[in-house]
Amino acid sequence: MYELQKIKNEINVLGFYSIYYFEFTKDFTHAPESHDFWELVYVDNGEIIAVTDGVSTHLSQGQVIFHEPNDLHAHISDQKVPNNMLVISFSVEGEAMDYFKKKIFTLDSTEKTLLSLFIKEAQKTLGKFRRFQEKHDSPDFSNAPFGATQLLSCYLTEFLIKLYREKNSDFMRIPTQEENRTLTDSSVIELVKNYLASNVYSTVTLPAVCDKFSIGKSQLCKLFRDDTGQSPMEYYQSLRISEAKRLLRTKTLSVSQISDLFGYSSIHNFSRSFKKATGFSPKAYISSIK
């Protein structure tokens, strides 16, 4: 006779108090705050200083910090570079959460992908993220697509479980052949990503990338679609636009100079590409973050 084996929720995400994706200038700061729920802060670009109960910690791109309930905390730009931050405030149950208290992690590609999936689903659910901090408000899920909030919970839960397992030797094991193949594919993707990120000011083409890494166009496109939801060139263009936004926030170069830096034939072509990607002209974007 079959017997139902119930799921044990080691980490149970109950809901969200806020979901923000901020794009800050290099001189951003905010007053210390505390609240009775968890907060995750991920540095997607740039660098920040996180202050927790009076102790400051420097966080670089690709790192995440957890603030436990009632921590007094603040986040400050380092006065050197602009930064992009994902901030998730949430309620969660499970003794395993004790492990995350005041912890900082440097994320691997899988963990970054999980947060990327969370961000994309949050964008579908909430619309465009606020780019700067005005006030605290709860996310509006009234127009959420079918299953959206459940997916957000699943992505965050999987992210937390992976971080928890990563540092516990009980979960270490020899990978299977299929897992090794997946790791190889992931390594290729990371190599290509790093190459594209290092050449945002150049003119990179798909055939040149395929030739450099000895991989077929169809295979590379499939791997990128599976990993990022974008084609390699779409991913490359998003990197260029993100870098252009960062430069605009530094306020050290004019729009014309940034256009020339990226090799656009005219400022008009740069502005058109920028607006297509962001919904703002470069000048309107600068005004929106003042």
# chains A, B, ... in the order shown; residues from 1 in each chain; ligands from 1

call {"tool": "residues_around", "arguments": {"residues": "A:Ala284", "least_positions_apart": "6", "cutoff": "12 Å", "atoms": "only C-alpha atoms", "output": "VMD selection string"}}
result
chain A and resid 245 248 to 249 255 271 274 to 275 278 290

call {"tool": "select_by_dssp", "arguments": {"residues": "stretch 62-210 of chain A", "states": "strand (DSSP E)", "output": "mmCIF file with C-alpha atoms, in the first residue's frame"}}
result
data_model
loop_
_atom_site.group_PDB
_atom_site.id
_atom_site.type_symbol
_atom_site.label_atom_id
_atom_site.label_comp_id
_atom_site.auth_asym_id
_atom_site.auth_seq_id
_atom_site.Cartn_x
_atom_site.Cartn_y
_atom_site.Cartn_z
ATOM 1 C CA GLN A 63 28.476 39.255 -2.713
ATOM 2 C CA VAL A 64 25.374 39.055 -0.549
ATOM 3 C CA ILE A 65 24.817 39.929 3.125
ATOM 4 C CA PHE A 66 21.977 38.838 5.417
ATOM 5 C CA HIS A 67 20.483 41.018 8.154
ATOM 6 C CA HIS A 73 21.783 48.258 9.588
ATOM 7 C CA ALA A 74 22.532 50.711 6.796
ATOM 8 C CA HIS A 75 24.099 50.606 3.321
ATOM 9 C CA ILE A 76 26.450 53.243 1.980
ATOM 10 C CA SER A 77 28.108 53.738 -1.405
ATOM 11 C CA ASN A 83 26.364 50.397 -7.480
ATOM 12 C CA ASN A 84 23.354 48.231 -8.189
ATOM 13 C CA MET A 85 21.710 46.450 -5.253
ATOM 14 C CA LEU A 86 18.960 43.860 -4.966
ATOM 15 C CA VAL A 87 17.184 44.132 -1.596
ATOM 16 C CA ILE A 88 14.681 41.475 -0.492
ATOM 17 C CA SER A 89 12.898 41.762 2.860
ATOM 18 C CA PHE A 90 11.034 38.598 3.776
ATOM 19 C CA SER A 91 9.440 36.478 6.477
ATOM 20 C CA VAL A 92 10.729 32.937 6.853
ATOM 21 C CA GLU A 93 10.452 29.962 9.181
ATOM 22 C CA ILE A 104 28.326 37.304 3.876
ATOM 23 C CA PHE A 105 28.627 35.017 0.849
ATOM 24 C CA THR A 106 30.428 35.296 -2.476
#

call {"tool": "atom_distance", "arguments": {"atom1": "atom CA of A:Ala244", "atom2": "atom CA of A:Leu261"}}
result
9.4 Å

call {"tool": "select_by_dssp", "arguments": {"residues": "stretch 38-271 of chain A", "states": "alpha helix (DSSP H)", "output": "ChimeraX atom specification"}}
result
/A:109-126,148-166,177-198,206-212,217-228,232-250,255-261,267-271

call {"tool": "atom_distance", "arguments": {"atom1": "atom CA of A:Leu114", "atom2": "atom CA of A:Asn199"}}
result
25.0 Å

call {"tool": "residues_around", "arguments": {"residues": "A:Lys26", "least_positions_apart": "6", "cutoff": "10 Å", "atoms": "only C-alpha atoms", "output": "ChimeraX atom specification"}}
result
/A:46-48,76-83,246,249-251

call {"tool": "write_last_selection", "arguments": {"atoms": "N, CA and C atoms", "output": "compact mmCIF listing (two decimals), in the first residue's frame"}}
result
# COMPACT_ATOMS: atom_id res chain seq x y z
N GLY A 46 29.26 47.07 -8.78
CA GLY A 46 29.91 48.07 -7.94
C GLY A 46 30.31 47.54 -6.58
N GLU A 47 30.34 48.44 -5.60
CA GLU A 47 30.75 48.10 -4.24
C GLU A 47 29.95 48.94 -3.25
N ILE A 48 29.69 48.38 -2.06
CA ILE A 48 29.00 49.12 -1.01
C ILE A 48 29.67 48.86 0.34
N ILE A 76 25.85 51.99 2.42
CA ILE A 76 26.45 53.24 1.98
C ILE A 76 27.30 52.98 0.74
N SER A 77 27.19 53.83 -0.28
CA SER A 77 28.11 53.74 -1.41
C SER A 77 29.51 54.11 -0.92
N ASP A 78 30.52 53.55 -1.60
CA ASP A 78 31.88 53.72 -1.10
C ASP A 78 32.57 55.00 -1.58
N GLN A 79 31.79 55.91 -2.19
CA GLN A 79 32.32 57.18 -2.68
C GLN A 79 33.25 57.01 -3.88
N LYS A 80 33.37 55.79 -4.39
CA LYS A 80 34.28 55.55 -5.52
C LYS A 80 33.53 55.16 -6.79
N VAL A 81 32.58 54.26 -6.66
CA VAL A 81 31.87 53.77 -7.85
C VAL A 81 30.36 53.69 -7.57
N PRO A 82 29.53 53.87 -8.59
CA PRO A 82 28.08 53.63 -8.43
C PRO A 82 27.85 52.15 -8.18
N ASN A 83 26.64 51.80 -7.75
CA ASN A 83 26.36 50.40 -7.48
C ASN A 83 24.91 50.05 -7.75
N ARG A 246 26.14 52.96 -15.58
CA ARG A 246 27.09 53.21 -14.50
C ARG A 246 27.89 54.49 -14.79
N ARG A 249 25.93 57.55 -14.16
CA ARG A 249 25.76 57.84 -12.74
C ARG A 249 27.02 58.43 -12.12
N THR A 250 28.18 58.18 -12.71
CA THR A 250 29.40 58.77 -12.17
C THR A 250 29.48 60.26 -12.44
N LYS A 251 28.76 60.71 -13.46
CA LYS A 251 28.67 62.14 -13.82
C LYS A 251 30.03 62.74 -14.18

call {"tool": "closest_residue", "arguments": {"among": "A:Phe224, A:Phe28, A:Phe16, A:Phe100", "to": "A:Ile161", "atoms": "only C-alpha atoms"}}
result
A:Phe100

call {"tool": "closest_atom_pairs", "arguments": {"of": "stretch 68-132 of chain A", "to": "stretch 136-152 of chain A", "cutoff": "9 Å", "atoms": "only C-alpha atoms", "output": "JSON lines"}}
result
{"residue": "A:Leu117", "atom": "CA", "partner": "A:Leu152", "partner_atom": "CA", "distance": 8.5}
{"residue": "A:Phe118", "atom": "CA", "partner": "A:Leu152", "partner_atom": "CA", "distance": 5.8}
{"residue": "A:Ile119", "atom": "CA", "partner": "A:Leu152", "partner_atom": "CA", "distance": 8.7}
{"residue": "A:Glu121", "atom": "CA", "partner": "A:Ala148", "partner_atom": "CA", "distance": 6.7}
{"residue": "A:Ala122", "atom": "CA", "partner": "A:Leu152", "partner_atom": "CA", "distance": 7.1}
{"residue": "A:Lys124", "atom": "CA", "partner": "A:Pro145", "partner_atom": "CA", "distance": 7.6}
{"residue": "A:Thr125", "atom": "CA", "partner": "A:Ala144", "partner_atom": "CA", "distance": 4.7}
{"residue": "A:Leu126", "atom": "CA", "partner": "A:Asp140", "partner_atom": "CA", "distance": 6.5}

call {"tool": "write_last_selection", "arguments": {"atoms": "C-alpha atoms", "output": "mmCIF file, in the first residue's frame"}}
result
data_model
loop_
_atom_site.group_PDB
_atom_site.id
_atom_site.type_symbol
_atom_site.label_atom_id
_atom_site.label_comp_id
_atom_site.auth_asym_id
_atom_site.auth_seq_id
_atom_site.Cartn_x
_atom_site.Cartn_y
_atom_site.Cartn_z
ATOM 1 C CA LEU A 117 15.547 34.396 -12.122
ATOM 2 C CA PHE A 118 14.103 36.006 -8.984
ATOM 3 C CA ILE A 119 14.737 39.489 -10.401
ATOM 4 C CA GLU A 121 10.036 37.183 -12.099
ATOM 5 C CA ALA A 122 9.788 40.176 -9.755
ATOM 6 C CA LYS A 124 7.069 40.618 -14.415
ATOM 7 C CA THR A 125 5.107 40.850 -11.184
ATOM 8 C CA LEU A 126 5.850 44.394 -10.048
#

call {"tool": "atom_distance", "arguments": {"atom1": "atom CA of A:Asn9", "atom2": "atom CA of A:Asp71"}}
result
25.3 Å

call {"tool": "closest_residue", "arguments": {"among": "A:Tyr42, A:Phe280, A:Tyr164, A:Phe22", "to": "A:Met97", "atoms": "only C-alpha atoms"}}
result
A:Tyr164

call {"tool": "closest_residue", "arguments": {"among": "A:Trp38, A:Tyr285, A:Tyr21, A:Tyr264", "to": "A:Glu68", "atoms": "only C-alpha atoms"}}
result
A:Trp38

call {"tool": "closest_residue", "arguments": {"among": "A:Ile258, A:Phe37, A:Ser56, A:Thr25", "to": "A:Ile289", "atoms": "only C-alpha atoms"}}
result
A:Thr25

call {"tool": "closest_residue", "arguments": {"among": "A:Gly94, A:Ile189, A:Ser18, A:Ser254", "to": "A:Arg225", "atoms": "only C-alpha atoms"}}
result
A:Ile189
